[in-house]
Structures are given as C-alpha cells and as structure tokens.
>>> print(open('start-v6.pdb').read())   # PDB, C-alpha atoms, pLDDT in the B column
ATOM      1  CA  THR M   1      62.405 -17.460 -16.888  1.00 87.00           C
ATOM      2  CA  MET M   2      59.811 -17.531 -14.192  1.00 91.00           C
ATOM      3  CA  THR M   3      56.462 -19.077 -13.523  1.00 91.00           C
ATOM      4  CA  LEU M   4      53.501 -16.827 -12.928  1.00 89.00           C
ATOM      5  CA  THR M   5      50.752 -18.517 -10.923  1.00 87.00           C
ATOM      6  CA  VAL M   6      47.341 -16.879 -10.674  1.00 87.00           C
ATOM      7  CA  ASN M   7      45.252 -18.455  -7.964  1.00 89.00           C
ATOM      8  CA  LYS M   8      41.488 -18.739  -8.044  1.00 92.00           C
ATOM      9  CA  ILE M   9      39.591 -16.588  -5.587  1.00 91.00           C
ATOM     10  CA  SER M  10      36.268 -17.083  -3.869  1.00 91.00           C
ATOM     11  CA  PRO M  11      33.398 -15.242  -5.530  1.00 93.00           C
ATOM     12  CA  SER M  12      31.122 -12.925  -3.614  1.00 93.00           C
ATOM     13  CA  ILE M  13      27.553 -14.179  -3.948  1.00 96.00           C
ATOM     14  CA  SER M  14      24.592 -11.798  -3.541  1.00 96.00           C
ATOM     15  CA  PHE M  15      21.604 -13.724  -2.217  1.00 96.00           C
ATOM     16  CA  ALA M  16      18.971 -11.539  -0.532  1.00 96.00           C
ATOM     17  CA  ASP M  17      16.265 -12.642   1.920  1.00 97.00           C
ATOM     18  CA  VAL M  18      12.820 -13.226   0.390  1.00 98.00           C
ATOM     19  CA  THR M  19       9.383 -12.716   1.953  1.00 98.00           C
ATOM     20  CA  LYS M  20       6.283 -14.265   0.388  1.00 98.00           C
ATOM     21  CA  ASN M  21       2.711 -15.047   1.437  1.00 98.00           C
ATOM     22  CA  PHE M  22       1.200 -18.503   1.749  1.00 97.00           C
ATOM     23  CA  GLY M  23      -0.674 -19.174  -1.487  1.00 95.00           C
ATOM     24  CA  ASP M  24       1.656 -17.078  -3.673  1.00 97.00           C
ATOM     25  CA  ALA M  25       2.574 -18.540  -7.051  1.00 98.00           C
ATOM     26  CA  ASP M  26       5.832 -20.412  -7.657  1.00 98.00           C
ATOM     27  CA  PHE M  27       8.823 -18.104  -7.999  1.00 98.00           C
ATOM     28  CA  ASN M  28      12.484 -18.350  -8.998  1.00 97.00           C
ATOM     29  CA  LEU M  29      15.323 -18.020  -6.520  1.00 97.00           C
ATOM     30  CA  SER M  30      17.968 -15.646  -7.794  1.00 95.00           C
ATOM     31  CA  ALA M  31      21.586 -15.274  -6.728  1.00 96.00           C
ATOM     32  CA  THR M  32      24.254 -13.245  -8.504  1.00 96.00           C
ATOM     33  CA  SER M  33      28.023 -13.528  -8.563  1.00 95.00           C
ATOM     34  CA  SER M  34      31.075 -12.525 -10.600  1.00 91.00           C
ATOM     35  CA  SER M  35      31.724 -16.251 -11.165  1.00 94.00           C
ATOM     36  CA  THR M  36      30.156 -18.131 -14.052  1.00 94.00           C
ATOM     37  CA  GLY M  37      29.769 -21.346 -12.023  1.00 95.00           C
ATOM     38  CA  ALA M  38      26.323 -22.948 -11.917  1.00 96.00           C
ATOM     39  CA  PHE M  39      24.060 -22.322  -8.917  1.00 97.00           C
ATOM     40  CA  THR M  40      22.414 -25.111  -6.919  1.00 97.00           C
ATOM     41  CA  TYR M  41      19.693 -24.235  -4.395  1.00 98.00           C
ATOM     42  CA  ALA M  42      18.574 -26.146  -1.297  1.00 98.00           C
ATOM     43  CA  ILE M  43      15.811 -25.373   1.196  1.00 98.00           C
ATOM     44  CA  ALA M  44      16.312 -26.543   4.788  1.00 98.00           C
ATOM     45  CA  ASP M  45      12.630 -27.027   5.712  1.00 97.00           C
ATOM     46  CA  GLY M  46      10.522 -28.787   3.081  1.00 97.00           C
ATOM     47  CA  ASN M  47       7.392 -27.949   5.081  1.00 97.00           C
ATOM     48  CA  ILE M  48       7.893 -24.285   4.162  1.00 98.00           C
ATOM     49  CA  ALA M  49       8.934 -24.598   0.495  1.00 98.00           C
ATOM     50  CA  THR M  50      10.497 -26.929  -2.045  1.00 98.00           C
ATOM     51  CA  VAL M  51      12.857 -26.126  -4.899  1.00 98.00           C
ATOM     52  CA  THR M  52      13.482 -27.753  -8.271  1.00 97.00           C
ATOM     53  CA  GLY M  53      16.303 -26.029 -10.125  1.00 96.00           C
ATOM     54  CA  SER M  54      15.534 -22.480  -9.040  1.00 96.00           C
ATOM     55  CA  THR M  55      11.745 -22.810  -9.175  1.00 98.00           C
ATOM     56  CA  THR M  56      10.391 -22.570  -5.642  1.00 98.00           C
ATOM     57  CA  THR M  57       6.982 -23.804  -4.511  1.00 98.00           C
ATOM     58  CA  ILE M  58       5.513 -22.554  -1.232  1.00 98.00           C
ATOM     59  CA  VAL M  59       4.199 -25.385   0.955  1.00 97.00           C
ATOM     60  CA  GLY M  60       3.429 -23.671   4.263  1.00 97.00           C
ATOM     61  CA  ALA M  61       3.927 -20.579   6.388  1.00 97.00           C
ATOM     62  CA  GLY M  62       7.086 -20.061   8.445  1.00 97.00           C
ATOM     63  CA  SER M  63      10.761 -19.296   7.940  1.00 98.00           C
ATOM     64  CA  THR M  64      13.556 -21.462   6.594  1.00 98.00           C
ATOM     65  CA  LEU M  65      17.154 -21.179   5.540  1.00 98.00           C
ATOM     66  CA  VAL M  66      17.915 -21.352   1.801  1.00 98.00           C
ATOM     67  CA  THR M  67      21.416 -22.265   0.686  1.00 98.00           C
ATOM     68  CA  VAL M  68      22.929 -21.553  -2.720  1.00 98.00           C
ATOM     69  CA  THR M  69      26.082 -23.366  -3.752  1.00 97.00           C
ATOM     70  CA  GLN M  70      28.016 -22.060  -6.745  1.00 97.00           C
ATOM     71  CA  ALA M  71      30.300 -24.442  -8.606  1.00 97.00           C
ATOM     72  CA  ALA M  72      33.886 -23.446  -9.345  1.00 95.00           C
ATOM     73  CA  ASP M  73      34.790 -22.061 -12.757  1.00 94.00           C
ATOM     74  CA  ALA M  74      38.147 -21.257 -14.402  1.00 92.00           C
ATOM     75  CA  ASN M  75      38.782 -18.199 -12.207  1.00 93.00           C
ATOM     76  CA  TYR M  76      36.752 -18.741  -9.039  1.00 95.00           C
ATOM     77  CA  ASN M  77      36.492 -21.389  -6.320  1.00 95.00           C
ATOM     78  CA  SER M  78      33.154 -22.852  -5.364  1.00 96.00           C
ATOM     79  CA  ALA M  79      31.213 -20.839  -2.783  1.00 96.00           C
ATOM     80  CA  VAL M  80      28.166 -21.040  -0.547  1.00 96.00           C
ATOM     81  CA  ALA M  81      25.737 -18.359   0.604  1.00 97.00           C
ATOM     82  CA  THR M  82      22.509 -18.443   2.612  1.00 97.00           C
ATOM     83  CA  MET M  83      19.412 -16.350   2.985  1.00 98.00           C
ATOM     84  CA  THR M  84      16.120 -16.577   4.880  1.00 98.00           C
ATOM     85  CA  LEU M  85      12.852 -17.348   3.120  1.00 98.00           C
ATOM     86  CA  THR M  86       9.862 -16.128   5.141  1.00 98.00           C
ATOM     87  CA  VAL M  87       6.338 -17.203   4.190  1.00 98.00           C
ATOM     88  CA  ASN M  88       3.614 -15.186   5.936  1.00 98.00           C
ATOM     89  CA  THR M  89       0.212 -16.515   6.954  1.00 97.00           C
ATOM     90  CA  ILE M  90      -2.762 -15.077   5.062  1.00 97.00           C
ATOM     91  CA  ASP M  91      -6.361 -14.308   5.932  1.00 94.00           C
ATOM     92  CA  ALA M  92      -8.795 -17.165   5.510  1.00 93.00           C
ATOM     93  CA  VAL M  93     -11.845 -16.544   3.324  1.00 93.00           C
ATOM     94  CA  ILE M  94     -14.962 -18.038   4.859  1.00 97.00           C
ATOM     95  CA  SER M  95     -18.071 -18.969   2.858  1.00 97.00           C
ATOM     96  CA  PHE M  96     -21.113 -18.634   5.111  1.00 97.00           C
ATOM     97  CA  ALA M  97     -24.437 -18.357   3.268  1.00 97.00           C
ATOM     98  CA  ASP M  98     -27.692 -16.924   4.615  1.00 98.00           C
ATOM     99  CA  VAL M  99     -30.213 -19.501   5.865  1.00 98.00           C
ATOM    100  CA  THR M 100     -34.022 -19.339   5.793  1.00 98.00           C
ATOM    101  CA  LYS M 101     -36.098 -21.733   7.899  1.00 98.00           C
ATOM    102  CA  ASP M 102     -39.701 -21.983   9.053  1.00 97.00           C
ATOM    103  CA  PHE M 103     -40.709 -21.812  12.694  1.00 96.00           C
ATOM    104  CA  GLY M 104     -41.159 -25.354  14.033  1.00 94.00           C
ATOM    105  CA  GLU M 105     -38.510 -26.959  11.820  1.00 96.00           C
ATOM    106  CA  ALA M 106     -36.134 -29.454  13.398  1.00 97.00           C
ATOM    107  CA  ASP M 107     -32.692 -28.518  14.697  1.00 98.00           C
ATOM    108  CA  PHE M 108     -30.109 -28.058  11.952  1.00 98.00           C
ATOM    109  CA  ASN M 109     -26.339 -27.608  11.670  1.00 98.00           C
ATOM    110  CA  LEU M 110     -24.724 -24.353  10.659  1.00 97.00           C
ATOM    111  CA  THR M 111     -22.054 -24.884   8.014  1.00 96.00           C
ATOM    112  CA  ALA M 112     -19.243 -22.624   6.948  1.00 97.00           C
ATOM    113  CA  THR M 113     -16.376 -23.541   4.636  1.00 97.00           C
ATOM    114  CA  SER M 114     -12.845 -22.254   4.303  1.00 96.00           C
ATOM    115  CA  SER M 115      -9.463 -23.367   2.983  1.00 91.00           C
ATOM    116  CA  SER M 116      -8.157 -23.006   6.547  1.00 95.00           C
ATOM    117  CA  THR M 117      -8.287 -25.950   8.939  1.00 95.00           C
ATOM    118  CA  GLY M 118      -8.976 -23.741  11.978  1.00 96.00           C
ATOM    119  CA  ALA M 119     -11.958 -24.658  14.156  1.00 97.00           C
ATOM    120  CA  PHE M 120     -15.269 -22.802  13.694  1.00 97.00           C
ATOM    121  CA  THR M 121     -17.188 -21.181  16.559  1.00 97.00           C
ATOM    122  CA  TYR M 122     -20.744 -19.966  15.943  1.00 98.00           C
ATOM    123  CA  ALA M 123     -22.711 -17.257  17.772  1.00 98.00           C
ATOM    124  CA  ILE M 124     -26.299 -16.074  17.264  1.00 98.00           C
ATOM    125  CA  ALA M 125     -27.018 -12.419  18.052  1.00 98.00           C
ATOM    126  CA  ASP M 126     -30.687 -12.821  19.069  1.00 97.00           C
ATOM    127  CA  GLY M 127     -31.420 -15.794  21.318  1.00 97.00           C
ATOM    128  CA  ASN M 128     -35.160 -15.161  20.864  1.00 97.00           C
ATOM    129  CA  ILE M 129     -34.825 -16.338  17.259  1.00 98.00           C
ATOM    130  CA  ALA M 130     -32.446 -19.294  17.669  1.00 98.00           C
ATOM    131  CA  THR M 131     -29.747 -20.756  19.889  1.00 98.00           C
ATOM    132  CA  VAL M 132     -26.600 -22.640  18.919  1.00 98.00           C
ATOM    133  CA  THR M 133     -24.548 -25.299  20.681  1.00 97.00           C
ATOM    134  CA  GLY M 134     -21.465 -26.216  18.694  1.00 96.00           C
ATOM    135  CA  SER M 135     -23.013 -25.962  15.235  1.00 96.00           C
ATOM    136  CA  THR M 136     -26.416 -27.434  16.174  1.00 98.00           C
ATOM    137  CA  THR M 137     -29.015 -24.698  15.893  1.00 98.00           C
ATOM    138  CA  THR M 138     -32.421 -24.735  17.568  1.00 98.00           C
ATOM    139  CA  ILE M 139     -35.176 -22.432  16.322  1.00 98.00           C
ATOM    140  CA  VAL M 140     -36.853 -20.527  19.177  1.00 97.00           C
ATOM    141  CA  GLY M 141     -39.033 -17.972  17.385  1.00 97.00           C
ATOM    142  CA  ALA M 142     -39.783 -16.218  14.118  1.00 97.00           C
ATOM    143  CA  GLY M 143     -37.679 -13.272  12.980  1.00 97.00           C
ATOM    144  CA  SER M 144     -34.270 -12.463  11.647  1.00 98.00           C
ATOM    145  CA  THR M 145     -30.854 -12.395  13.343  1.00 98.00           C
ATOM    146  CA  LEU M 146     -27.173 -12.187  12.538  1.00 98.00           C
ATOM    147  CA  VAL M 147     -25.085 -15.318  12.936  1.00 98.00           C
ATOM    148  CA  THR M 148     -21.328 -14.914  13.341  1.00 98.00           C
ATOM    149  CA  VAL M 149     -18.737 -17.589  12.648  1.00 98.00           C
ATOM    150  CA  THR M 150     -15.208 -17.162  13.952  1.00 97.00           C
ATOM    151  CA  GLN M 151     -12.479 -19.409  12.599  1.00 97.00           C
ATOM    152  CA  ALA M 152      -9.345 -19.971  14.660  1.00 97.00           C
ATOM    153  CA  ALA M 153      -5.940 -19.440  13.065  1.00 96.00           C
ATOM    154  CA  ASP M 154      -4.016 -22.465  11.812  1.00 96.00           C
ATOM    155  CA  THR M 155      -0.473 -22.937  10.554  1.00 95.00           C
ATOM    156  CA  ASN M 156      -1.028 -21.096   7.254  1.00 96.00           C
ATOM    157  CA  TYR M 157      -4.048 -18.848   7.875  1.00 97.00           C
ATOM    158  CA  ASN M 158      -4.914 -16.037  10.272  1.00 97.00           C
ATOM    159  CA  SER M 159      -8.154 -16.173  12.240  1.00 96.00           C
ATOM    160  CA  ALA M 160     -11.207 -14.840  10.421  1.00 96.00           C
ATOM    161  CA  VAL M 161     -14.808 -13.811  11.041  1.00 97.00           C
ATOM    162  CA  ALA M 162     -17.861 -13.923   8.778  1.00 97.00           C
ATOM    163  CA  THR M 163     -21.549 -13.217   9.281  1.00 97.00           C
ATOM    164  CA  MET M 164     -24.781 -14.284   7.678  1.00 98.00           C
ATOM    165  CA  THR M 165     -28.473 -13.713   8.285  1.00 98.00           C
ATOM    166  CA  LEU M 166     -30.730 -16.412   9.717  1.00 98.00           C
ATOM    167  CA  THR M 167     -34.371 -15.798   8.861  1.00 98.00           C
ATOM    168  CA  VAL M 168     -37.106 -17.818  10.551  1.00 98.00           C
ATOM    169  CA  ASN M 169     -40.478 -17.437   8.831  1.00 97.00           C
ATOM    170  CA  LYS M 170     -43.787 -17.507  10.675  1.00 96.00           C
ATOM    171  CA  ILE M 171     -46.028 -20.468   9.929  1.00 94.00           C
ATOM    172  CA  SER M 172     -49.784 -20.831   9.885  1.00 91.00           C
ATOM    173  CA  PRO M 173     -51.151 -22.219  13.148  1.00 88.00           C
ATOM    174  CA  SER M 174     -53.096 -25.433  13.211  1.00 87.00           C
ATOM    175  CA  ILE M 175     -56.490 -24.632  14.712  1.00 88.00           C
ATOM    176  CA  SER M 176     -58.702 -27.296  16.266  1.00 88.00           C
ATOM    177  CA  PHE M 177     -62.343 -26.304  16.541  1.00 86.00           C
ATOM    178  CA  ALA M 178     -64.585 -29.272  17.279  1.00 88.00           C
ATOM    179  CA  ASP M 179     -68.296 -29.444  16.536  1.00 88.00           C
ATOM    180  CA  VAL M 180     -70.544 -29.045  19.582  1.00 84.00           C
TER     181      VAL M 180
END
>>> encode(input="start-v6.pdb", output="structure tokens")
Amino acid sequence: TMTLTVNKISPSISFADVTKNFGDADFNLSATSSSTGAFTYAIADGNIATVTGSTTTIVGAGSTLVTVTQAADANYNSAVATMTLTVNTIDAVISFADVTKDFGEADFNLTATSSSTGAFTYAIADGNIATVTGSTTTIVGAGSTLVTVTQAADTNYNSAVATMTLTVNKISPSISFADV
C-alpha cells in the first residue's frame, strides 16, 4: 500500500487594469481564475473609488491599486492579484446665458455655473460696451459684445471655456428744456 497525496496549487488570477472617466456609471470588477474560490475586492484609495461586493462607484479622478483576494477551494490555495484603476478627468460643462441690459443700469455680476469647482475668470471683448473686474461688470456704452468665461481645472474636471453675448440697449435721453 501507499499513500498518494495531491497538494493544492495556487491559482492564476487574471485581473486586468481598468480605465474609466469621472462621472461614469457604477461598474463591476471582474477577475477570473481556474479556482472556484470566492473573490473579495478592495480599493486602496477611497477618494478614487469605493467597492461593495464587486460593484464599484467612482468618487474622483486619479489612479489607485485594486486588490482581489480569492479564497481557497478544494483544489487551490488562496491567492491575491492587483490591478490599477485609472479614473480620468472630464471636461466641465459651463452654463453661461446671454444677458441684456439697458445703458445706465447699475453694475451687475456675471454668473456662470458648472459642476466643476474650478475658479471662473471673465473677459469682455469690447471695452467700449462694458468692463469687468472679477465678476462685477460695469456698463460703458450701448452695443453688443462677446463675454468669455474660463474655468480653471479642478481635481475631477479639465479647464473649460464658454461664451455668451452681452447686449446693452440704448435708452431714451432725458431732455430738459425750460420755459423762457
């Protein structure tokens, strides 16, 4: 008689790098192996993404290490593999509506909105129509000009530019003509 011993071996896990964009929908991590052991996923940087089971939620742009651990089964030992999850920044979409004012109106603030947190910088093409300091706009004369807003990049968004038209309408003059 003899004893035949068959030892477990370590499985080979396939776990490829993943590239996504900030704002993409949740996705499932996927590793494959010849073992039937259950997979457990962990993400090193929770500021990039989080994982529950295999469902991954993107939190911010950047790169992080993702680890998969496979439990042992009847024929295979437990094993660990890693991959890199890269989340790219995306272009910000700026809302910047046209503005119509009348000559002589008080200073006003330009307003643009975006999902990005980058700072806005405003520029007026024709300084004979209006001038801008920060976002405070002063009407100088009647006419129409392009206004450009540039938004700086932030952690998750690229820089972006948008334009709108500022129209300043003429007004009727107030005439004084005294009796003589």
>>> atom_distance(input="start-v6.pdb", atom1="atom CA of M:Met164", atom2="atom CA of M:Thr117")
20.2 Å
>>> resolve_selection(input="start-v6.pdb", expression="the PyMOL selection byres ((chain M and resi 133) around 12)", output="PyMOL selection string")
chain M and resi 107-110+120-124+127+130-132+134-139
>>> closest_residue(input="start-v6.pdb", among="M:Ala125, M:Ala44, M:Ala112, M:Val161", to="M:Thr145", atoms="all atoms listed in the file")
M:Ala125
>>> atom_distance(input="start-v6.pdb", atom1="atom CA of M:Ser114", atom2="atom CA of M:Val168")
25.4 Å
>>> atom_distance(input="start-v6.pdb", atom1="atom CA of M:Phe27", atom2="atom CA of M:Ser115")
22.0 Å
>>> residues_around(input="start-v6.pdb", residues="M:Ala153", least_positions_apart="3", cutoff="12 Å", atoms="all atoms listed in the file", output="VMD selection string")
chain M and resid 61 89 to 93 114 to 121 150 156 to 161
>>> closest_residue(input="start-v6.pdb", among="M:Gly46, M:Thr113, M:Thr86, M:Thr32", to="M:Val68", atoms="only C-alpha atoms")
M:Thr32
>>> closest_residue(input="start-v6.pdb", among="M:Asn128, M:Ser176, M:Ser14, M:Asn21", to="M:Gly62", atoms="all atoms listed in the file")
M:Asn21
>>> residues_around(input="start-v6.pdb", residues="M:Tyr41", least_positions_apart="6", cutoff="9 Å", atoms="all atoms listed in the file", output="number ranges by chain")
M: 29, 51-54, 66-70
>>> closest_residue(input="start-v6.pdb", among="M:Thr57, M:Ser144, M:Ser10, M:Thr64", to="M:Ala79", atoms="only C-alpha atoms")
M:Ser10
>>> closest_residue(input="start-v6.pdb", among="M:Thr40, M:Thr100, M:Thr84, M:Asn28", to="M:Thr165", atoms="only C-alpha atoms")
M:Thr100
>>> closest_residue(input="start-v6.pdb", among="M:Val18, M:Leu65, M:Ala31, M:Val87", to="M:Thr155", atoms="only C-alpha atoms")
M:Val87
